[in-house]
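Chemist: Pasting target_37.cif here (mmCIF, C-alpha atoms):
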data_entry
loop_
_atom_site.label_atom_id
_atom_site.label_comp_id
_atom_site.auth_asym_id
_atom_site.auth_seq_id
_atom_site.Cartn_x
_atom_site.Cartn_y
_atom_site.Cartn_z
CA MET A 265 80.89 -95.39 -81.57
CA ASP A 266 81.66 -92.28 -83.62
CA GLN A 267 80.75 -90.11 -80.68
CA LEU A 268 83.11 -92.03 -78.42
CA LEU A 269 85.86 -91.67 -81.01
CA GLN A 270 85.25 -87.91 -81.28
CA LEU A 271 85.25 -87.64 -77.50
CA TRP A 272 88.58 -89.49 -77.29
CA GLN A 273 90.10 -87.35 -80.04
CA SER A 274 89.07 -84.21 -78.18
CA THR A 275 91.00 -85.20 -75.05
CA GLY A 276 94.41 -83.89 -74.17
CA LEU A 277 95.76 -87.43 -73.95
CA TYR A 278 95.01 -88.05 -77.63
CA GLN A 279 96.39 -84.69 -78.77
CA MET A 280 99.54 -84.76 -76.64
CA HIS A 281 102.88 -84.92 -78.43
CA LEU A 282 106.09 -86.24 -76.94
CA ASP A 283 107.62 -82.79 -76.61
CA GLN A 284 104.59 -81.54 -74.67
CA PHE A 285 104.83 -84.52 -72.34
CA ALA A 286 108.53 -83.73 -71.82
CA MET A 287 107.70 -80.12 -70.92
CA ILE A 288 105.03 -81.24 -68.46
CA CYS A 289 107.71 -83.38 -66.82
CA ILE A 290 110.02 -80.34 -66.70
CA GLY A 291 107.24 -78.29 -65.11
CA LEU A 292 106.73 -81.00 -62.49
CA THR A 293 110.49 -81.06 -61.89
CA LEU A 294 110.52 -77.31 -61.24
CA LEU A 295 107.67 -77.76 -58.77
CA TYR A 296 109.56 -80.59 -57.07
CA LEU A 297 112.71 -78.49 -56.74
CA ALA A 298 110.72 -75.57 -55.34
CA ILE A 299 108.47 -77.49 -52.93
CA VAL A 300 110.68 -80.35 -51.79
CA LYS A 301 114.18 -78.90 -52.17
CA GLY A 302 113.30 -75.26 -51.45
CA PHE A 303 114.94 -73.87 -54.61
CA GLU A 304 113.57 -70.30 -55.11
CA PRO A 305 109.99 -71.43 -54.35
CA LEU A 306 108.43 -67.96 -54.67
CA LEU A 307 109.21 -67.94 -58.39
CA LEU A 308 109.67 -71.57 -59.36
CA VAL A 309 106.24 -72.61 -58.06
CA PRO A 310 104.30 -70.20 -60.33
CA ILE A 311 106.78 -70.70 -63.20
CA GLY A 312 106.51 -74.49 -62.97
CA PHE A 313 102.73 -74.41 -62.71
CA GLY A 314 102.54 -71.95 -65.62
CA GLY A 315 104.67 -74.37 -67.62
CA LEU A 316 102.16 -77.14 -66.93
CA LEU A 317 99.26 -74.98 -68.10
CA ALA A 318 101.13 -73.82 -71.21
CA ASN A 319 101.68 -77.38 -72.41
CA ILE A 320 98.21 -78.88 -71.93
CA PRO A 321 97.12 -79.90 -75.46
CA GLY A 322 93.96 -78.49 -76.94
CA VAL A 323 93.86 -75.38 -74.72
CA ASP A 324 95.41 -72.15 -76.00
CA ILE A 325 95.96 -70.75 -72.53
CA ALA A 326 99.47 -69.40 -73.29
CA VAL A 327 98.75 -67.87 -76.71
CA GLY A 328 96.21 -65.55 -78.29
CA ASP A 329 93.51 -64.59 -75.82
CA GLY A 330 94.62 -67.15 -73.20
CA ILE A 331 94.98 -65.89 -69.65
CA LEU A 332 98.70 -66.64 -69.40
CA HIS A 333 99.40 -64.76 -72.61
CA GLN A 334 97.39 -61.83 -71.27
CA PHE A 335 99.57 -61.81 -68.15
CA TYR A 336 102.64 -61.88 -70.40
CA ALA A 337 101.41 -59.08 -72.65
CA LEU A 338 100.38 -56.92 -69.70
CA GLY A 339 103.36 -57.39 -67.46
CA ILE A 340 106.41 -58.57 -69.39
CA GLU A 341 106.01 -57.11 -72.87
CA THR A 342 105.52 -53.76 -71.16
CA GLY A 343 108.25 -54.47 -68.59
CA MET A 344 105.85 -53.66 -65.74
CA PHE A 345 106.19 -56.83 -63.63
CA PRO A 346 110.02 -56.83 -63.33
CA LEU A 347 109.96 -53.10 -62.55
CA LEU A 348 107.39 -53.58 -59.78
CA ILE A 349 109.53 -56.40 -58.37
CA PHE A 350 112.53 -54.08 -58.42
CA MET A 351 110.53 -51.46 -56.53
CA GLY A 352 109.77 -54.04 -53.86
CA VAL A 353 113.41 -55.15 -53.70
CA GLY A 354 114.44 -51.52 -53.26
CA ALA A 355 111.98 -51.15 -50.39
CA MET A 356 113.56 -54.16 -48.67
CA THR A 357 117.18 -53.08 -49.27
CA ASP A 358 119.43 -51.41 -46.72
CA PHE A 359 122.19 -49.34 -48.34
CA GLY A 360 123.86 -48.92 -44.94
CA PRO A 361 126.64 -51.52 -45.41
CA LEU A 362 127.50 -50.11 -48.83
CA LEU A 363 127.57 -46.52 -47.57
CA ALA A 364 129.63 -47.53 -44.54
CA ASN A 365 132.28 -49.08 -46.80
CA PRO A 366 131.97 -47.52 -50.30
CA LYS A 367 134.99 -49.49 -51.56
CA THR A 368 132.75 -52.53 -51.83
CA LEU A 369 131.04 -50.84 -54.78
CA PHE A 370 134.04 -51.95 -56.87
CA LEU A 371 133.39 -55.57 -55.90
CA GLY A 372 129.80 -55.35 -57.13
CA ALA A 373 131.02 -53.76 -60.36
CA ALA A 374 133.70 -56.40 -60.91
CA ALA A 375 131.19 -59.21 -60.51
CA GLN A 376 129.31 -57.93 -63.55
CA PHE A 377 132.25 -58.90 -65.77
CA GLY A 378 130.63 -62.29 -66.23
CA ILE A 379 127.75 -60.65 -68.11
CA PHE A 380 129.95 -59.13 -70.80
CA ALA A 381 132.38 -62.06 -70.98
CA THR A 382 129.47 -64.42 -71.64
CA LEU A 383 128.00 -62.06 -74.24
CA LEU A 384 131.30 -62.26 -76.14
CA GLY A 385 131.46 -66.02 -75.59
CA ALA A 386 127.96 -66.52 -77.01
CA LEU A 387 128.87 -64.48 -80.08
CA GLY A 388 132.11 -66.44 -80.44
CA LEU A 389 130.29 -69.78 -80.35
CA SER A 390 127.87 -68.44 -82.96
CA GLU A 391 130.79 -67.47 -85.19
CA LEU A 392 132.10 -71.02 -84.87
CA GLY A 393 128.72 -72.34 -85.99
CA ILE A 394 127.97 -74.16 -82.70
CA PHE A 395 125.00 -71.92 -81.92
CA ASN A 396 123.19 -69.21 -83.81
CA PHE A 397 122.73 -66.39 -81.31
CA SER A 398 122.25 -62.81 -82.47
CA VAL A 399 123.79 -59.90 -80.55
CA SER A 400 120.52 -59.20 -78.75
CA GLU A 401 120.11 -62.88 -77.83
CA ALA A 402 123.70 -63.06 -76.56
CA ALA A 403 123.12 -59.97 -74.44
CA ALA A 404 119.97 -61.45 -72.94
CA ILE A 405 121.85 -64.67 -72.11
CA GLY A 406 124.80 -62.81 -70.60
CA ILE A 407 122.61 -60.98 -68.09
CA ILE A 408 122.09 -64.32 -66.30
CA GLY A 409 125.57 -63.72 -64.87
CA GLY A 410 124.17 -60.89 -62.76
CA ALA A 411 122.22 -63.48 -60.73
CA ASP A 412 119.27 -61.10 -60.63
CA GLY A 413 116.02 -62.73 -61.78
CA PRO A 414 113.90 -59.59 -62.40
CA THR A 415 116.74 -57.98 -64.35
CA ALA A 416 117.21 -61.11 -66.47
CA ILE A 417 113.48 -61.24 -67.21
CA TYR A 418 113.37 -57.53 -68.03
CA VAL A 419 116.31 -57.69 -70.44
CA ALA A 420 115.08 -60.92 -72.07
CA GLY A 421 111.61 -59.40 -72.51
CA GLN A 422 113.19 -56.40 -74.25
CA LEU A 423 115.86 -58.11 -76.35
CA ALA A 424 114.91 -61.78 -76.84
CA PRO A 425 111.34 -62.58 -75.69
CA HIS A 426 111.39 -65.99 -77.41
CA LEU A 427 114.23 -67.03 -75.05
CA LEU A 428 112.51 -65.72 -71.93
CA GLY A 429 111.50 -69.12 -70.52
CA ALA A 430 114.97 -70.65 -70.71
CA ILE A 431 116.68 -67.50 -69.43
CA ALA A 432 114.31 -67.14 -66.48
CA VAL A 433 114.63 -70.81 -65.50
CA ALA A 434 118.44 -70.61 -65.77
CA ALA A 435 118.63 -67.37 -63.77
CA TYR A 436 116.48 -68.56 -60.89
CA SER A 437 117.98 -72.05 -60.88
CA TYR A 438 121.51 -70.70 -60.52
CA MET A 439 120.37 -68.23 -57.85
CA ALA A 440 118.98 -71.17 -55.89
CA LEU A 441 122.23 -73.09 -56.38
CA VAL A 442 124.45 -70.30 -55.04
CA PRO A 443 125.44 -72.36 -51.94
CA LEU A 444 126.63 -75.17 -54.22
CA ILE A 445 128.21 -73.20 -57.08
CA GLN A 446 130.11 -70.46 -55.28
CA PRO A 447 132.08 -72.17 -52.45
CA PRO A 448 134.40 -74.27 -54.69
CA ILE A 449 135.29 -71.16 -56.73
CA MET A 450 135.85 -69.09 -53.59
CA ARG A 451 138.09 -71.73 -52.01
CA LEU A 452 140.06 -72.20 -55.24
CA LEU A 453 140.86 -68.49 -55.57
CA THR A 454 141.71 -67.74 -51.92
CA THR A 455 144.24 -68.98 -49.42
CA GLU A 456 143.43 -70.08 -45.88
CA ALA A 457 145.07 -66.92 -44.57
CA GLU A 458 142.93 -64.72 -46.84
CA ARG A 459 139.75 -66.44 -45.71
CA LYS A 460 140.72 -65.74 -42.09
CA ILE A 461 141.00 -61.96 -42.60
CA GLU A 462 138.85 -60.13 -40.06
CA MET A 463 137.26 -56.85 -41.13
CA VAL A 464 136.71 -53.85 -38.86
CA GLN A 465 133.25 -52.99 -37.62
CA LEU A 466 131.22 -50.81 -39.98
CA ARG A 467 130.48 -47.21 -39.03
CA GLU A 468 126.98 -46.00 -38.28
CA VAL A 469 125.24 -44.55 -41.35
CA SER A 470 122.87 -41.62 -40.77
CA GLN A 471 119.31 -41.47 -42.08
CA ARG A 472 120.21 -38.38 -44.09
CA GLU A 473 122.84 -40.34 -46.00
CA LYS A 474 120.35 -43.12 -46.68
CA ILE A 475 117.81 -40.63 -48.04
CA VAL A 476 120.26 -38.73 -50.24
CA PHE A 477 122.01 -41.79 -51.68
CA PRO A 478 119.17 -43.26 -53.82
CA LEU A 479 118.46 -39.79 -55.25
CA MET A 480 122.10 -39.19 -56.16
CA LEU A 481 122.48 -42.71 -57.51
CA LEU A 482 119.47 -42.39 -59.79
CA LEU A 483 120.43 -38.99 -61.16
CA LEU A 484 124.08 -39.84 -61.76
CA VAL A 485 123.46 -43.19 -63.44
CA ALA A 486 120.32 -42.24 -65.37
CA LEU A 487 121.97 -39.17 -66.85
CA LEU A 488 124.88 -41.31 -68.09
CA VAL A 489 122.91 -44.43 -69.07
CA PRO A 490 119.27 -43.40 -69.67
CA SER A 491 118.24 -46.99 -70.47
CA ALA A 492 119.07 -47.95 -66.88
CA ALA A 493 116.55 -45.45 -65.52
CA PRO A 494 113.48 -47.77 -65.45
CA LEU A 495 115.11 -50.53 -63.39
CA LEU A 496 117.26 -48.29 -61.23
CA GLY A 497 114.47 -45.74 -60.88
CA MET A 498 112.03 -48.25 -59.42
CA PHE A 499 114.76 -49.66 -57.18
CA CYS A 500 115.70 -46.23 -55.85
CA PHE A 501 112.06 -45.17 -55.43
CA GLY A 502 111.33 -48.26 -53.34
CA ASN A 503 114.41 -47.57 -51.22
CA LEU A 504 113.48 -43.92 -50.76
CA MET A 505 110.05 -44.93 -49.46
CA ARG A 506 111.79 -47.19 -46.96
CA GLU A 507 114.28 -44.62 -45.70
CA CYS A 508 112.40 -41.31 -45.76
CA GLY A 509 110.20 -42.38 -42.85
CA VAL A 510 107.04 -40.52 -43.91
CA VAL A 511 105.36 -43.14 -46.12
CA ASN A 512 105.60 -46.25 -43.98
CA ARG A 513 102.25 -47.56 -45.25
CA LEU A 514 103.42 -47.31 -48.85
CA SER A 515 106.75 -48.93 -48.02
CA ASP A 516 105.03 -51.77 -46.16
CA THR A 517 102.64 -52.37 -49.08
CA THR A 518 105.53 -52.39 -51.55
CA GLN A 519 107.58 -54.81 -49.47
CA ASN A 520 104.71 -57.23 -48.90
CA ALA A 521 101.38 -57.16 -50.75
CA LEU A 522 102.55 -55.53 -54.00
CA ILE A 523 105.67 -57.62 -54.51
CA ASN A 524 103.82 -60.83 -53.61
CA ILE A 525 100.97 -60.19 -56.03
CA THR A 526 103.38 -59.22 -58.80
CA THR A 527 105.50 -62.32 -58.17
CA ILE A 528 102.49 -64.57 -58.77
CA PHE A 529 101.63 -62.97 -62.10
CA LEU A 530 105.28 -62.70 -63.15
CA GLY A 531 105.89 -66.40 -62.53
CA LEU A 532 102.78 -67.48 -64.44
CA ALA A 533 103.69 -65.16 -67.32
CA VAL A 534 107.21 -66.59 -67.52
CA GLY A 535 105.75 -70.10 -67.34
CA SER A 536 103.72 -69.31 -70.47
CA LYS A 537 107.03 -69.22 -72.35
CA LEU A 538 107.90 -72.79 -71.36
CA ARG A 539 106.01 -74.14 -74.35
CA ALA A 540 107.60 -77.16 -75.99
CA GLU A 541 108.32 -75.53 -79.36
CA GLN A 542 110.16 -72.66 -77.67
CA PHE A 543 112.00 -74.49 -74.88
CA LEU A 544 112.96 -77.88 -76.33
CA VAL A 545 115.51 -76.57 -78.81
CA PHE A 546 119.29 -76.90 -78.96
CA GLU A 547 119.75 -73.25 -78.04
CA THR A 548 118.21 -73.91 -74.60
CA LEU A 549 121.18 -76.13 -73.72
CA GLY A 550 123.48 -73.31 -74.79
CA ILE A 551 121.59 -70.85 -72.59
CA LEU A 552 121.87 -73.12 -69.55
CA LEU A 553 125.59 -73.70 -70.11
CA LEU A 554 126.43 -70.08 -70.88
CA GLY A 555 124.37 -68.92 -67.90
CA MET A 556 126.44 -71.14 -65.63
CA VAL A 557 129.65 -69.77 -67.16
CA ALA A 558 128.43 -66.20 -66.64
CA PHE A 559 127.61 -66.87 -63.00
CA CYS A 560 130.96 -68.55 -62.32
CA ILE A 561 132.93 -65.76 -63.98
CA GLY A 562 131.02 -63.13 -61.98
CA THR A 563 131.83 -64.96 -58.74
CA ALA A 564 135.50 -65.30 -59.67
CA THR A 565 136.01 -61.69 -60.77
CA GLY A 566 134.44 -60.40 -57.56
CA VAL A 567 136.89 -62.43 -55.48
CA LEU A 568 139.86 -61.42 -57.65
CA MET A 569 138.93 -57.74 -57.43
CA ALA A 570 139.03 -57.96 -53.62
CA LYS A 571 142.51 -59.53 -53.82
CA ILE A 572 143.66 -56.72 -56.12
CA MET A 573 142.20 -54.05 -53.84
CA ASN A 574 144.09 -55.50 -50.88
CA ARG A 575 147.29 -54.38 -52.57
CA VAL A 576 146.30 -50.72 -52.41
CA VAL A 577 143.92 -50.25 -49.44
CA LYS A 578 145.02 -49.84 -45.82
CA GLN A 579 142.25 -51.87 -44.20
CA PRO A 580 142.34 -55.41 -45.67
CA ILE A 581 139.25 -56.84 -47.33
CA ASN A 582 138.35 -60.48 -46.93
CA PRO A 583 138.24 -61.69 -50.57
CA LEU A 584 135.28 -63.94 -49.76
CA ILE A 585 132.94 -60.95 -49.75
CA GLY A 586 133.86 -60.28 -53.39
CA ALA A 587 131.77 -63.31 -54.37
CA ALA A 588 128.72 -61.51 -52.95
CA GLY A 589 129.08 -59.00 -55.78
CA VAL A 590 126.68 -61.11 -57.80
CA SER A 591 123.28 -59.77 -56.85
CA ALA A 592 121.73 -62.93 -55.39
CA VAL A 593 120.52 -61.07 -52.30
CA PRO A 594 121.07 -62.11 -49.53
CA MET A 595 122.11 -65.68 -50.33
CA ALA A 596 125.52 -64.80 -51.76
CA ALA A 597 126.31 -62.72 -48.65
CA ARG A 598 125.33 -65.65 -46.43
CA VAL A 599 127.62 -67.98 -48.37
CA ALA A 600 130.56 -65.58 -47.90
CA SER A 601 129.76 -65.32 -44.19
CA LYS A 602 129.57 -69.09 -43.80
CA LEU A 603 132.95 -69.68 -45.45
CA GLY A 604 134.48 -66.93 -43.34
CA LEU A 605 133.23 -68.55 -40.13
CA GLU A 606 134.58 -71.92 -41.26
CA ALA A 607 138.05 -70.41 -41.59
CA ASN A 608 137.85 -68.23 -38.47
CA PRO A 609 135.13 -68.61 -35.81
CA ASN A 610 135.52 -64.90 -34.96
CA ASN A 611 135.07 -63.78 -38.55
CA PHE A 612 131.62 -62.22 -38.96
CA LEU A 613 131.35 -61.14 -42.60
CA LEU A 614 127.60 -60.99 -43.21
CA MET A 615 127.13 -57.21 -42.94
CA HIS A 616 130.40 -56.60 -44.81
CA ALA A 617 129.23 -58.92 -47.60
CA MET A 618 125.91 -57.08 -47.87
CA GLY A 619 127.82 -54.08 -49.25
CA PRO A 620 128.98 -55.78 -52.47
CA ASN A 621 125.72 -57.72 -52.56
CA VAL A 622 123.69 -54.50 -52.80
CA ALA A 623 126.30 -53.05 -55.15
CA GLY A 624 125.73 -56.09 -57.37
CA VAL A 625 122.04 -55.25 -57.66
CA ILE A 626 122.97 -51.73 -58.76
CA GLY A 627 125.64 -53.10 -61.10
CA SER A 628 123.30 -55.57 -62.78
CA ALA A 629 120.71 -52.83 -63.34
CA VAL A 630 123.35 -50.57 -64.90
CA ALA A 631 124.67 -53.45 -67.04
CA ALA A 632 121.12 -54.15 -68.20
CA GLY A 633 120.73 -50.50 -69.19
CA VAL A 634 124.00 -50.55 -71.11
CA LEU A 635 123.00 -53.69 -73.01
CA ILE A 636 119.56 -52.35 -73.90
CA GLN A 637 120.96 -48.97 -74.94
CA PHE A 638 123.66 -50.32 -77.23
CA VAL A 639 122.09 -53.57 -78.48
CA GLN A 640 118.38 -52.87 -78.92
#
Any chance you could give the structure as structure tokens?
Modeler:
Amino acid sequence: MDQLLQLWQSTGLYQMHLDQFAMICIGLTLLYLAIVKGFEPLLLVPIGFGGLLANIPGVDIAVGDGILHQFYALGIETGMFPLLIFMGVGAMTDFGPLLANPKTLFLGAAAQFGIFATLLGALGLSELGIFNFSVSEAAAIGIIGGADGPTAIYVAGQLAPHLLGAIAVAAYSYMALVPLIQPPIMRLLTTEAERKIEMVQLREVSQREKIVFPLMLLLLVALLVPSAAPLLGMFCFGNLMRECGVVNRLSDTTQNALINITTIFLGLAVGSKLRAEQFLVFETLGILLLGMVAFCIGTATGVLMAKIMNRVVKQPINPLIGAAGVSAVPMAARVASKLGLEANPNNFLLMHAMGPNVAGVIGSAVAAGVLIQFVQ
């Protein structure tokens, strides 16, 4: 009888607390959203499964010498996994639309306003006693507004590792919800006539321009904001491999095998931070709400910047592409294209929207560097 009692007490069912059960349900929900609904499955599947493993009672898989904690220590504490992801993203990115219409760089920059507005908002709510976020925590939350998962994970790992799970889940959830979140904001801030604006065909960009641009971008930005060099450096290196034409094998590996392997380990490492005592706190609700605010502000400021630019530029810009300034590549560009086609069947905005979309990736990396440099 005593042996049966000891056996029962050694089971996870006996040791499970209510908060652990709740987190297992959250992990299963993430898996459901990824598998059934198709919400960012490449990241939410490993994150959700990592969350399940991290909350199994009686097994220290996400702490100490546990395998998930080892993944976290190796890849996120060092910043390696997000940087490798950024290298892969760079290898898959075409700067052509941005170079063909450099004005769209301003749209990507404007969309980063949500990051800094939310940082100030988080600090304001802390001053009011609603939350208790430090400056570094507020900065890590604000970066959700960039709609760039690897950047959010990198900044959170540097500035607020204890909030990593909630920030990563919020960032990737809102990226997946781009087709639901952005259209109402875009329609509210534009008129029917503005949505019908047709843009001229983009010029052809030479290979030489595509090779020189990532080198110039890295040197100019890194010399001004050295903290942005790791993210932007890996992004530009991946893009240079793509465009130079002499390392196709390396570019192919970076775009496929390397980024896929890293994504698996990154997701499991993030999932290790979905432990009940870290996630089921009042601050998590604040992170989810502030992340949504950041994303909405970034969408709105991108659209408004396009409307402002139309007052000074000769060739009109369809304000819808301003919403693509958040760096949810390429989903935000597709949303802008879809709304443009709804207003005007001859309005093909996808390639035009890719300009601010790529600029948003650059902008979020620069914003991350600024936050790390001045907050850390």
Chemist: Just to confirm, what's the straight-line distance from CA of Ser491 (chain A) to CA of Val634 (chain A) in Å (one decimal)?
Modeler: 6.8 Å
Chemist: Counting only C-alpha atoms, which of A:Val534, A:Val464, A:Leu549, A:Ala623 gets nearest to Leu428 (chain A)?
Modeler: A:Val534
Chemist: How would you write, as a list in words, the residues chosen by the PyMOL selection byres ((chain A and resi 610) around 12) on this structure?
Modeler: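 Output from the PyMOL selection byres ((chain A and resi 610) around 12), applied to this file: Arg459, Lys460, Ile461, Glu462, Met463, Val464, Ser601, Lys602, Leu603, Gly604, Leu605, Glu606, Ala607, Asn608, Pro609, Asn611, Phe612 and Leu613 of chain A.
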Chemist: Neighbours of Ala381 (chain A) within 12 Å (only C-alpha atoms; same-chain residues fewer than 4 positions away dropped), as a list in words?
Modeler: Ala374, Ala375, Gln376, Phe377, Gly385, Ala386, Leu387, Gly388, Ala402, Ala403, Ile405, Gly406, Ile407, Ile408, Gly409, Gly410, Leu554, Gly555, Val557, Ala558, Phe559, Cys560, Ile561, Gly562 and Thr565 of chain A
Chemist: Considering all atoms listed in the file, give me a table of residues in region 425-450 of chain A that are at most 9 Å from region 590-593 of chain A, with the closest atom pair and distance in Å for each, as a Markdown table.
Modeler:
| residue | atom | partner | partner_atom | distance |
| --- | --- | --- | --- | --- |
| A:Met439 | CA | A:Ala592 | CA | 6.0 |
| A:Ala440 | CA | A:Ala592 | CA | 8.7 |
| A:Val442 | CA | A:Ala592 | CA | 7.9 |
Chemist: Pick the closest to Asn574 (chain A) from A:Glu541, A:Glu458, A:Glu341, A:Glu547: which is it, counting all atoms listed in the file?
Modeler: A:Glu458
Chemist: Run the PyMOL selection byres ((chain A and resi 586) around 9) mentally over the shown coordinates, then write out the matched residues as a PyMOL selection string, using the chain letters and numbers from the document.
Modeler: chain A and resi 368+371-372+374-375+563-571+581-585+587-590+600+617+620-621
Chemist: Rounded to one decimal in Å, what is the spacing between CA of Gln542 (chain A) and CA of Gly429 (chain A)?
Modeler: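 Calculated distance between CA of Gln542 (chain A) and CA of Gly429 (chain A) is 8.1 Å.
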Chemist: Determine, counting all atoms listed in the file, every residue of protein, DNA or RNA that lies within 10 Å of (116.2, -55.3, -54.0) in the file coordinates, then give the result as a PyMOL selection string.
Modeler: chain A and resi 349-358+412+414+498-500+502-503+519+591-594+621-622+625-626
